[in-house]
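Asker: mmCIF, C-alpha atoms, saved as protein.cif, coming up:
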data_entry
loop_
_atom_site.group_PDB
_atom_site.id
_atom_site.type_symbol
_atom_site.label_atom_id
_atom_site.label_comp_id
_atom_site.auth_asym_id
_atom_site.auth_seq_id
_atom_site.Cartn_x
_atom_site.Cartn_y
_atom_site.Cartn_z
ATOM 1 C CA MET A 18 -5.301 -11.505 -3.311
ATOM 2 C CA ALA A 19 -4.963 -13.617 -0.180
ATOM 3 C CA GLU A 20 -8.507 -14.863 -0.661
ATOM 4 C CA LEU A 21 -8.090 -15.226 -4.423
ATOM 5 C CA PHE A 22 -5.032 -17.448 -4.088
ATOM 6 C CA GLY A 23 -5.922 -19.180 -0.812
ATOM 7 C CA LYS A 24 -2.902 -17.918 1.121
ATOM 8 C CA ASN A 25 -2.507 -15.603 4.092
ATOM 9 C CA LYS A 26 -1.799 -11.883 3.769
ATOM 10 C CA LYS A 27 1.784 -12.295 4.980
ATOM 11 C CA THR A 28 2.585 -14.760 2.179
ATOM 12 C CA ILE A 29 1.065 -12.497 -0.480
ATOM 13 C CA SER A 30 2.960 -9.484 0.902
ATOM 14 C CA GLU A 31 6.206 -11.455 0.761
ATOM 15 C CA HIS A 32 5.617 -12.352 -2.894
ATOM 16 C CA ILE A 33 4.828 -8.717 -3.709
ATOM 17 C CA ARG A 34 8.003 -7.512 -1.953
ATOM 18 C CA ASN A 35 10.056 -10.054 -3.928
ATOM 19 C CA ILE A 36 8.422 -8.968 -7.203
ATOM 20 C CA PHE A 37 9.559 -5.399 -6.543
ATOM 21 C CA ASN A 38 12.981 -6.315 -5.088
ATOM 22 C CA GLU A 39 13.797 -8.528 -8.080
ATOM 23 C CA GLY A 40 12.820 -5.784 -10.538
ATOM 24 C CA GLU A 41 10.004 -7.788 -12.119
ATOM 25 C CA LEU A 42 7.686 -4.784 -11.735
ATOM 26 C CA GLU A 43 8.186 -1.168 -10.708
ATOM 27 C CA GLU A 44 6.201 -0.374 -7.582
ATOM 28 C CA ASN A 45 5.534 3.253 -8.522
ATOM 29 C CA VAL A 46 3.929 2.079 -11.787
ATOM 30 C CA VAL A 47 1.708 -0.753 -10.517
ATOM 31 C CA VAL A 48 0.590 0.492 -7.080
ATOM 32 C CA ARG A 49 -1.926 3.219 -6.352
ATOM 33 C CA LYS A 50 -2.375 4.507 -2.815
ATOM 34 C CA PHE A 51 -5.822 5.599 -1.664
ATOM 35 C CA ARG A 52 -6.859 7.136 1.618
ATOM 36 C CA THR A 53 -9.937 5.518 3.080
ATOM 37 C CA THR A 54 -12.063 6.614 6.016
ATOM 38 C CA THR A 55 -13.685 4.222 8.469
ATOM 39 C CA ARG A 56 -15.466 4.484 11.781
ATOM 40 C CA HIS A 57 -13.134 4.748 14.724
ATOM 41 C CA GLY A 58 -13.166 1.465 16.628
ATOM 42 C CA ALA A 59 -12.785 2.976 20.087
ATOM 43 C CA ILE A 60 -14.534 6.340 19.862
ATOM 44 C CA GLU A 61 -18.176 6.422 18.802
ATOM 45 C CA GLY A 62 -19.029 9.059 16.203
ATOM 46 C CA LYS A 63 -15.387 9.547 15.177
ATOM 47 C CA THR A 64 -13.718 8.436 11.993
ATOM 48 C CA GLN A 65 -10.182 7.492 11.185
ATOM 49 C CA SER A 66 -8.374 7.367 7.902
ATOM 50 C CA ARG A 67 -5.651 5.123 6.628
ATOM 51 C CA GLU A 68 -3.767 4.587 3.412
ATOM 52 C CA VAL A 69 -4.619 1.487 1.397
ATOM 53 C CA GLN A 70 -2.573 0.151 -1.501
ATOM 54 C CA PHE A 71 -4.327 -1.091 -4.619
ATOM 55 C CA TYR A 72 -2.382 -3.226 -7.072
ATOM 56 C CA ASN A 73 -3.004 -3.370 -10.790
ATOM 57 C CA LEU A 74 -3.511 -6.540 -12.798
ATOM 58 C CA ASP A 75 0.219 -6.944 -13.460
ATOM 59 C CA VAL A 76 0.839 -7.544 -9.746
ATOM 60 C CA ILE A 77 -2.028 -10.032 -9.469
ATOM 61 C CA ILE A 78 -0.696 -12.001 -12.442
ATOM 62 C CA SER A 79 2.863 -11.980 -11.072
ATOM 63 C CA VAL A 80 1.710 -13.195 -7.666
ATOM 64 C CA GLY A 81 -0.405 -15.862 -9.370
ATOM 65 C CA TYR A 82 2.672 -17.269 -11.073
ATOM 66 C CA ARG A 83 4.585 -17.419 -7.767
ATOM 67 C CA VAL A 84 2.103 -18.607 -5.152
ATOM 68 C CA LYS A 85 1.898 -22.299 -4.368
ATOM 69 C CA SER A 86 -1.714 -23.239 -3.688
ATOM 70 C CA LYS A 87 -4.578 -25.032 -5.383
ATOM 71 C CA GLN A 88 -5.990 -21.676 -6.509
ATOM 72 C CA GLY A 89 -2.549 -20.580 -7.730
ATOM 73 C CA THR A 90 -2.267 -23.735 -9.820
ATOM 74 C CA GLN A 91 -5.759 -23.198 -11.243
ATOM 75 C CA PHE A 92 -4.832 -19.603 -12.066
ATOM 76 C CA ARG A 93 -1.641 -20.654 -13.872
ATOM 77 C CA ILE A 94 -3.528 -23.247 -15.917
ATOM 78 C CA TRP A 95 -6.156 -20.660 -16.869
ATOM 79 C CA ALA A 96 -3.623 -17.905 -17.634
ATOM 80 C CA THR A 97 -1.390 -20.186 -19.690
ATOM 81 C CA GLN A 98 -4.376 -21.351 -21.756
ATOM 82 C CA ARG A 99 -5.388 -17.737 -22.430
ATOM 83 C CA LEU A 100 -1.830 -16.828 -23.426
ATOM 84 C CA LYS A 101 -1.555 -19.843 -25.711
ATOM 85 C CA GLU A 102 -4.893 -18.993 -27.378
ATOM 86 C CA TYR A 103 -3.747 -15.420 -27.920
ATOM 87 C CA ILE A 104 -0.415 -16.467 -29.424
ATOM 88 C CA VAL A 105 -2.048 -19.038 -31.723
ATOM 89 C CA LYS A 106 -4.627 -16.484 -32.924
ATOM 90 C CA GLU A 107 -1.918 -13.865 -33.523
ATOM 91 C CA ARG A 108 0.201 -16.317 -35.499
ATOM 92 C CA ALA A 109 -2.802 -17.351 -37.572
ATOM 93 C CA GLY A 110 -3.493 -13.692 -38.314
ATOM 94 C CA VAL A 111 0.107 -13.026 -39.320
ATOM 95 C CA THR A 112 0.418 -16.020 -41.624
ATOM 96 C CA SER A 113 -2.943 -15.617 -43.365
#
Show me, as structure tokens, the structure contained in the file I just sent.
Answerer:
Amino acid sequence: MAELFGKNKKTISEHIRNIFNEGELEENVVVRKFRTTTRHGAIEGKTQSREVQFYNLDVIISVGYRVKSKQGTQFRIWATQRLKEYIVKERAGVTS
């Protein structure tokens, strides 16, 4: 997400913490923890494992509406257009 929105990891993590603290999303619903194994950096031939958090699309969208960057602005323009198209199509379907 840091690369997607052109911000550093610390900024993205802060937005995610605020999303959960403010009750916008429930962490246990939108986060999946995976254990990944990588080569050990200091000991050749050894591996180490660590837990990595993966966020679902809801988190990415929420961060996109909070982050202040050129990419964040582009995301909000794109997402708002998609939402508007969806609403207009739904209304047209309901009234026809």
Asker: From the options A:Val47, A:Val84, A:Ile60, A:Ile78, which residue's atoms come nearest to Lys26 in chain A, counting all atoms listed in the file?
Answerer: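 Nearest candidate to Lys26 in chain A out of A:Val47, A:Val84, A:Ile60, A:Ile78: A:Val84.
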Asker: If the PyMOL selection byres ((chain A and resi 71) around 12) were run on this exact file, what residues would it hold? Put them as an MDAnalysis selection string.
Answerer: chainID A and resid 18 33 44:53 68:70 72:77
Asker: CA of Leu42 in chain A to CA of Lys24 in chain A: how many Å, to one decimal?
Answerer: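 Interatomic distance, CA of Leu42 in chain A to CA of Lys24 in chain A: 21.2 Å.
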Asker: Give me, please, the distance in Å between CA of Gly40 in chain A and CA of Arg83 in chain A, quoted to one decimal.
Answerer: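 Going from CA of Gly40 in chain A over to CA of Arg83 in chain A covers 14.5 Å.
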Asker: Step by step, work through what the PyMOL selection byres ((chain A and resi 54) around 8) selects in the shown file, and finish by giving those residues as a list of chain:residue names.
Answerer: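 Selection result, ordered by chain and number: A:Arg52, A:Thr53, A:Thr55, A:Arg56, A:Thr64, A:Gln65, A:Ser66, A:Arg67.
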Asker: Which one is closest to Lys85 in chain A: A:Ile104, A:His57, A:Glu20, A:Thr28? Count all atoms listed in the file.
Answerer: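 Among A:Ile104, A:His57, A:Glu20, A:Thr28, it is A:Thr28 that comes nearest to Lys85 in chain A.
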Asker: Which value, in Å to one decimal, gives the distance between CA of Ile29 in chain A and CA of Phe92 in chain A?
Answerer: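 We find that CA of Ile29 in chain A and CA of Phe92 in chain A lie 14.8 Å from each other.
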Asker: Might I get the box with edges along x, y and z of the file that holds all atoms of range 30-43 of chain A listed there, padded by 6 Å on every side, given as centre and edge lengths in Å to one decimal, as JSON?
Answerer:
{"center_x": 8.4, "center_y": -6.8, "center_z": -5.6, "size_x": 22.8, "size_y": 23.2, "size_z": 25.0}
Asker: Rank A:Gly110, A:Lys63, A:His32, A:Lys101 by their smallest atom-to-atom distance to Tyr82 in chain A, using only C-alpha atoms, and report the top residue only.
Answerer: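 Smallest separation from Tyr82 in chain A among the options: A:His32.
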Asker: Please return as number ranges by chain every residue within 8 Å of (-7.8, -15.7, -6.4), taking into account all atoms listed in the file and the file's own coordinates.
Answerer: A: 18-23, 81, 88-89, 92
Asker: Nearest to Val80 in chain A: which of A:Glu61, A:Glu102, A:Glu107, A:Asn35 is it, counting only C-alpha atoms?
Answerer: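 Nearest candidate to Val80 in chain A out of A:Glu61, A:Glu102, A:Glu107, A:Asn35: A:Asn35.
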